[in-house]
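As provided, model19.txt (compact mmCIF, C-alpha atoms and all ligand atoms) reads as follows.
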# COMPACT_ATOMS: atom_id res chain seq x y z
CA PHE Z 1 3.63 -33.05 -65.87
CA GLY Z 2 4.08 -33.12 -62.15
CA ASP Z 3 5.83 -35.45 -59.75
CA PRO Z 4 8.11 -38.02 -61.43
CA VAL Z 5 7.00 -40.68 -58.90
CA LEU Z 6 4.17 -41.74 -61.26
CA ARG Z 7 6.42 -42.27 -64.31
CA GLY Z 8 6.19 -45.89 -65.42
CA LYS Z 9 3.73 -46.79 -62.65
CA ASN Z 10 0.77 -49.00 -63.57
CA ILE Z 11 -2.47 -47.19 -62.85
CA VAL Z 12 -5.94 -48.64 -63.38
CA VAL Z 13 -8.86 -46.21 -63.63
CA SER Z 14 -12.52 -47.22 -63.74
CA ALA Z 15 -15.02 -44.77 -65.19
CA GLY Z 16 -18.64 -44.33 -66.15
CA PRO Z 17 -21.84 -46.00 -65.02
CA THR Z 18 -22.75 -49.66 -65.04
CA TYR Z 19 -25.90 -51.03 -66.68
CA GLU Z 20 -27.70 -53.92 -65.05
CA ASP Z 21 -29.93 -55.68 -67.56
CA ILE Z 22 -33.55 -56.45 -66.72
CA ASP Z 23 -34.47 -58.00 -70.06
CA PRO Z 24 -33.12 -57.73 -73.63
CA VAL Z 25 -34.27 -54.10 -73.98
CA ARG Z 26 -34.25 -52.64 -70.45
CA PHE Z 27 -31.65 -51.97 -67.80
CA ILE Z 28 -31.00 -50.15 -64.52
CA GLY Z 29 -28.33 -47.47 -64.93
CA ASN Z 30 -27.25 -44.18 -63.45
CA ARG Z 31 -26.35 -40.66 -64.57
CA SER Z 32 -22.55 -40.92 -64.51
CA SER Z 33 -21.14 -39.51 -67.78
CA GLY Z 34 -17.67 -41.00 -67.33
CA ARG Z 35 -16.09 -37.63 -68.06
CA MET Z 36 -14.37 -37.24 -64.67
CA GLY Z 37 -12.85 -40.72 -64.85
CA PHE Z 38 -11.70 -40.23 -68.45
CA ALA Z 39 -10.08 -36.92 -67.43
CA VAL Z 40 -8.36 -38.67 -64.51
CA ALA Z 41 -7.06 -41.40 -66.84
CA GLU Z 42 -5.73 -38.78 -69.26
CA ALA Z 43 -4.04 -36.82 -66.45
CA ALA Z 44 -2.41 -40.02 -65.13
CA ALA Z 45 -1.06 -40.74 -68.62
CA GLN Z 46 0.25 -37.15 -68.86
CA ALA Z 47 2.09 -37.77 -65.57
CA GLY Z 48 3.90 -40.65 -67.30
CA ALA Z 49 1.96 -43.63 -65.91
CA HIS Z 50 0.91 -46.74 -67.88
CA VAL Z 51 -2.84 -46.39 -67.70
CA THR Z 52 -5.51 -49.06 -68.10
CA LEU Z 53 -9.00 -47.58 -68.41
CA VAL Z 54 -11.94 -49.82 -67.52
CA ALA Z 55 -14.98 -48.06 -68.95
CA GLY Z 56 -18.68 -48.65 -68.38
CA PRO Z 57 -21.15 -47.92 -71.20
CA VAL Z 58 -20.18 -44.40 -72.33
CA SER Z 59 -19.60 -43.00 -75.79
CA LEU Z 60 -16.41 -41.10 -75.02
CA PRO Z 61 -13.26 -41.33 -77.13
CA THR Z 62 -10.22 -42.93 -75.51
CA PRO Z 63 -7.98 -40.15 -74.14
CA ALA Z 64 -4.47 -39.72 -75.57
CA GLY Z 65 -1.76 -41.87 -74.01
CA ILE Z 66 -4.01 -44.63 -72.61
CA VAL Z 67 -2.23 -47.98 -72.98
CA ARG Z 68 -5.28 -50.22 -72.69
CA ARG Z 69 -9.06 -49.69 -72.61
CA ILE Z 70 -11.47 -52.40 -71.49
CA ASP Z 71 -15.16 -51.73 -72.16
CA VAL Z 72 -17.68 -53.36 -69.84
CA ARG Z 73 -21.41 -53.06 -69.18
CA SER Z 74 -22.41 -54.53 -65.83
CA ALA Z 75 -20.94 -54.24 -62.33
CA ALA Z 76 -20.00 -57.94 -62.46
CA GLN Z 77 -18.08 -57.39 -65.71
CA MET Z 78 -16.38 -54.31 -64.24
CA HIS Z 79 -15.47 -56.28 -61.12
CA ALA Z 80 -13.86 -59.03 -63.22
CA ALA Z 81 -11.99 -56.59 -65.48
CA VAL Z 82 -10.70 -54.45 -62.60
CA THR Z 83 -9.66 -57.49 -60.56
CA GLU Z 84 -7.66 -58.79 -63.51
CA ALA Z 85 -6.13 -55.41 -64.42
CA ALA Z 86 -5.39 -54.28 -60.85
CA GLY Z 87 -3.45 -57.42 -59.95
CA GLY Z 88 0.11 -56.09 -59.75
CA ALA Z 89 -0.93 -52.49 -60.45
CA ASP Z 90 0.48 -49.68 -58.30
CA ILE Z 91 -2.64 -47.54 -58.04
CA TYR Z 92 -6.36 -48.14 -58.60
CA ILE Z 93 -8.64 -45.12 -58.98
CA GLY Z 94 -12.28 -46.18 -58.77
CA SER Z 95 -14.19 -43.33 -60.32
CA ALA Z 96 -16.91 -45.51 -61.84
CA ALA Z 97 -20.44 -45.18 -60.49
CA VAL Z 98 -20.92 -48.91 -59.94
CA GLY Z 99 -24.51 -50.04 -59.57
CA ASP Z 100 -25.18 -51.25 -56.04
CA TYR Z 101 -27.83 -53.77 -57.13
CA ARG Z 102 -28.66 -55.93 -60.15
CA PRO Z 103 -31.82 -57.83 -61.04
CA ASN Z 104 -31.71 -61.34 -59.54
CA SER Z 105 -32.20 -62.76 -63.00
CA VAL Z 106 -32.20 -61.34 -66.52
CA ALA Z 107 -35.40 -62.21 -68.42
CA ALA Z 108 -34.70 -64.00 -71.70
CA HIS Z 109 -37.57 -62.17 -73.41
CA LYS Z 110 -39.03 -58.70 -73.15
CA LEU Z 111 -41.23 -58.40 -70.06
CA LYS Z 112 -44.92 -57.84 -70.87
CA LYS Z 113 -47.50 -55.67 -69.12
CA HIS Z 114 -50.18 -57.41 -67.09
CA ASP Z 115 -53.51 -55.50 -66.88
CA GLY Z 116 -52.48 -52.77 -64.45
CA ALA Z 117 -50.89 -55.15 -61.92
CA ASP Z 118 -47.74 -54.02 -60.08
CA LEU Z 119 -44.45 -55.50 -61.19
CA THR Z 120 -41.81 -56.34 -58.57
CA LEU Z 121 -38.14 -56.60 -59.47
CA GLN Z 122 -35.97 -58.64 -57.09
CA LEU Z 123 -32.51 -57.11 -56.77
CA ALA Z 124 -29.30 -58.71 -55.54
CA GLU Z 125 -26.42 -56.67 -54.10
CA ASN Z 126 -23.33 -56.30 -56.29
CA PRO Z 127 -19.88 -56.93 -54.82
CA ASP Z 128 -17.97 -53.79 -53.83
CA ILE Z 129 -14.97 -53.62 -56.17
CA LEU Z 130 -12.86 -51.31 -53.97
CA ALA Z 131 -13.60 -53.24 -50.79
CA SER Z 132 -12.75 -56.54 -52.45
CA LEU Z 133 -9.41 -55.13 -53.66
CA SER Z 134 -8.53 -53.76 -50.23
CA ALA Z 135 -9.30 -57.16 -48.67
CA GLN Z 136 -6.45 -58.68 -50.70
CA LYS Z 137 -3.08 -58.96 -48.95
CA ALA Z 138 -1.05 -57.10 -51.56
CA HIS Z 139 -3.17 -54.47 -53.22
CA PRO Z 140 -2.64 -51.21 -55.10
CA PHE Z 141 -2.85 -47.78 -53.50
CA LEU Z 142 -6.63 -47.32 -53.53
CA VAL Z 143 -8.53 -44.16 -54.40
CA GLY Z 144 -12.32 -44.03 -54.26
CA PHE Z 145 -14.93 -41.45 -55.15
CA ALA Z 146 -17.93 -40.45 -53.11
CA ALA Z 147 -20.72 -38.51 -54.79
CA GLU Z 148 -23.04 -37.29 -52.09
CA THR Z 149 -26.04 -35.02 -51.90
CA GLN Z 150 -25.55 -34.20 -48.18
CA ASN Z 151 -23.15 -34.68 -45.22
CA VAL Z 152 -20.26 -35.00 -47.68
CA GLU Z 153 -17.33 -35.23 -45.25
CA ILE Z 154 -19.03 -37.62 -42.82
CA TYR Z 155 -20.06 -40.08 -45.56
CA ALA Z 156 -16.70 -39.74 -47.35
CA ARG Z 157 -14.63 -40.45 -44.24
CA ASP Z 158 -16.91 -43.38 -43.41
CA LYS Z 159 -16.28 -44.87 -46.89
CA LEU Z 160 -12.55 -44.23 -46.62
CA GLN Z 161 -12.45 -46.33 -43.47
CA ARG Z 162 -15.06 -48.96 -44.28
CA LYS Z 163 -13.65 -49.76 -47.74
CA GLY Z 164 -10.02 -49.61 -46.56
CA LEU Z 165 -8.97 -46.84 -48.97
CA ASP Z 166 -5.86 -44.67 -49.05
CA MET Z 167 -7.76 -41.63 -50.35
CA ILE Z 168 -11.28 -40.60 -51.26
CA ALA Z 169 -12.42 -37.82 -53.60
CA ALA Z 170 -15.75 -36.47 -52.45
CA ASN Z 171 -18.12 -34.15 -54.20
CA GLN Z 172 -21.54 -32.74 -53.62
CA VAL Z 173 -23.79 -33.58 -56.56
CA GLY Z 174 -26.46 -31.15 -57.63
CA GLU Z 175 -26.29 -27.35 -57.97
CA GLY Z 176 -24.70 -27.62 -61.42
CA LEU Z 177 -21.83 -29.81 -60.26
CA GLY Z 178 -20.96 -33.48 -60.51
CA PHE Z 179 -22.81 -35.79 -62.87
CA GLU Z 180 -23.46 -34.66 -66.46
CA THR Z 181 -21.61 -31.37 -66.00
CA ALA Z 182 -18.39 -29.87 -67.40
CA ASP Z 183 -17.20 -28.53 -64.03
CA ASN Z 184 -16.66 -30.24 -60.74
CA ALA Z 185 -15.33 -29.45 -57.27
CA ILE Z 186 -13.96 -32.12 -54.96
CA THR Z 187 -12.40 -32.48 -51.56
CA LEU Z 188 -9.78 -35.16 -51.04
CA TYR Z 189 -9.62 -36.97 -47.71
CA TRP Z 190 -7.04 -39.38 -46.39
CA ALA Z 191 -6.48 -40.76 -42.89
CA ASP Z 192 -4.80 -37.67 -41.44
CA GLY Z 193 -5.46 -34.90 -43.91
CA SER Z 194 -7.65 -33.31 -46.55
CA LEU Z 195 -7.37 -30.96 -49.52
CA ALA Z 196 -10.20 -28.93 -51.07
CA LEU Z 197 -10.03 -28.52 -54.85
CA PRO Z 198 -12.41 -25.69 -55.79
CA ARG Z 199 -14.71 -25.63 -58.81
CA THR Z 200 -12.96 -25.87 -62.16
CA ASP Z 201 -13.20 -27.89 -65.37
CA LYS Z 202 -12.77 -31.65 -65.03
CA ALA Z 203 -9.39 -31.73 -66.86
CA ALA Z 204 -7.79 -29.21 -64.49
CA LEU Z 205 -9.36 -30.93 -61.50
CA ALA Z 206 -8.07 -34.32 -62.68
CA ARG Z 207 -4.50 -32.99 -62.86
CA GLN Z 208 -4.76 -31.63 -59.31
CA LEU Z 209 -6.14 -34.97 -58.12
CA ILE Z 210 -3.24 -36.82 -59.79
CA GLU Z 211 -0.73 -34.42 -58.14
CA CYS Z 212 -2.21 -35.14 -54.73
CA ILE Z 213 -2.26 -38.91 -55.37
CA ALA Z 214 1.43 -38.71 -56.35
CA SER Z 215 2.35 -36.97 -53.12
CA ARG Z 216 0.30 -39.34 -50.91
CA TYR Z 217 1.59 -42.38 -52.83
CA LYS Z 218 5.15 -41.19 -52.18
CA ALA Z 219 4.38 -40.69 -48.50
CA VAL Z 220 2.99 -44.18 -47.88
CA ARG Z 221 4.56 -46.36 -50.59
CA GLY Z 222 7.52 -44.43 -51.94
O1 LIG T 301 -20.55 -46.62 -51.60
P1 LIG T 301 -20.44 -45.82 -52.85
O2 LIG T 301 -20.96 -46.52 -54.05
O3 LIG T 301 -20.95 -44.40 -52.75
O4 LIG T 301 -18.85 -45.65 -53.04
C1 LIG T 301 -18.35 -45.07 -54.17
C2 LIG T 301 -16.98 -45.61 -54.44
O5 LIG T 301 -16.98 -47.03 -54.33
C3 LIG T 301 -16.55 -45.32 -55.87
O6 LIG T 301 -15.15 -45.14 -55.87
C4 LIG T 301 -16.98 -46.57 -56.61
O7 LIG T 301 -16.22 -46.77 -57.78
C5 LIG T 301 -16.73 -47.64 -55.57
N1 LIG T 301 -17.62 -48.80 -55.68
C6 LIG T 301 -17.08 -50.03 -56.00
N2 LIG T 301 -17.90 -51.13 -56.12
C7 LIG T 301 -19.23 -51.02 -55.90
C8 LIG T 301 -19.79 -49.77 -55.56
C9 LIG T 301 -18.96 -48.67 -55.47
O8 LIG T 301 -15.86 -50.14 -56.19
N3 LIG T 301 -19.99 -52.09 -56.01
Conversion result in structure tokens:
Amino acid sequence: FGDPVLRGKNIVVSAGPTYEDIDPVRFIGNRSSGRMGFAVAEAAAQAGAHVTLVAGPVSLPTPAGIVRRIDVRSAAQMHAAVTEAAGGADIYIGSAAVGDYRPNSVAAHKLKKHDGADLTLQLAENPDILASLSAQKAHPFLVGFAAETQNVEIYARDKLQRKGLDMIAANQVGEGLGFETADNAITLYWADGSLALPRTDKAALARQLIECIASRYKAVRG
């Protein structure tokens, strides 16, 4: 469907949460279902692109038309997989909810309780995948996501600039939208414009997002 500019283009999509292991049975994760990212990957394939899907730990079937799926667990693994797959790609769409922090070290054995004493976990910051891509000289057209609970436009535009993105898709989480839901509503921002995509199911929304990416890609790279 849609603009022929995406036919044959290499598009990498990341989706889902990351899990940061604490010990062999525990981890730090988040509530991303991966459904928005999987819908975006499917829509990109329907637009004729060669799509690589880098998926965090989700139990979703691979959408039709996906050329390659790489399953990862942690932010570090996602960073490595995306860096490898996005080298030479035309567009990277970072819809994964990448964990910001990971435990400093992963315990080899299950942590034990200690008579009511507090337990402190030391966390180290994960590298920002989008920011590290945009720091490279030749990099794909970069699309990020911003899930916010307040001040959506201010935070989204700040991320657009700070991470050096071409476009950001922002949504307010909560009120039955966003994580773990069938519907979503997003507003797309780029340097000198924006487009509001009102509430609909994630498949329809993904197609509208891909249409807008095609038109912006054409404007700046075409
Ligand atoms: O800063 P925040 O995590 O809200 O930004 C969200 C966007 O940044 C998403 O597109 C996400 O995939 C990306 N991100 C990333 N690497 C991280 C954290 C977030 O690429 N370590």
**Fill in**
If you count all atoms listed in the file, the residue of Z:Pro198, Z:Pro17, Z:Gly48, Z:Gly37 closest to Val72 in chain Z turns out to be Z:Pro17
**Message:** Using all atoms listed in the file, which residues have at least one atom no more than 6 Å from ligand LIG 301 (chain T)? Output them as a list in words.
**Reply:**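 What falls inside 6 Å of ligand LIG 301 (chain T) is Gly94, Ser95, Ala96, Ala97, Val98, Asp100, Asn126, Pro127, Asp128, Ile129, Leu130, Gly144, Phe145 and Ala146 of chain Z.
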Resulting file, chosen residues, C-alpha atoms, as a compact mmCIF listing (two decimals), in the frame of the given file:
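Contents of the output file out-v8.txt:
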# COMPACT_ATOMS: atom_id res chain seq x y z
CA GLY Z 94 -12.28 -46.18 -58.77
CA SER Z 95 -14.19 -43.33 -60.32
CA ALA Z 96 -16.91 -45.51 -61.84
CA ALA Z 97 -20.44 -45.18 -60.49
CA VAL Z 98 -20.92 -48.91 -59.94
CA ASP Z 100 -25.18 -51.25 -56.04
CA ASN Z 126 -23.33 -56.30 -56.29
CA PRO Z 127 -19.88 -56.93 -54.82
CA ASP Z 128 -17.97 -53.79 -53.83
CA ILE Z 129 -14.97 -53.62 -56.17
CA LEU Z 130 -12.86 -51.31 -53.97
CA GLY Z 144 -12.32 -44.03 -54.26
CA PHE Z 145 -14.93 -41.45 -55.15
CA ALA Z 146 -17.93 -40.45 -53.11
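Excluding Ser59 in chain Z itself and same-chain residues fewer than 4 positions from it, the residues having an atom within 10 Å of it are Gly16, Ser33, Gly34 and Ala55 of chain Z, counting all atoms listed in the file.
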**Item:** Nearest to Arg162 in chain Z, chosen from Z:Ala191, Z:Met78, Z:Ile186, Z:Ile91, with only C-alpha atoms counted in the distances
**Value:**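 Closest residue, counting only C-alpha atoms: Z:Ala191.
Distance check against Ala107 in chain Z using all atoms listed in the file: of Z:Asp183, Z:Thr18, Z:Gln122, Z:Ala47, the minimum falls on Z:Gln122.
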**Asked** What gap, in Å, lies between CA of Ala15 in chain Z and CA of Ile154 in chain Z?
**Response** 23.8 Å
**Asked** What is the CA of Val5 in chain Z-CA of Gly87 in chain Z distance in Å, reported with one decimal?
**Response**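 Computing it gives 19.8 Å between the two atoms.
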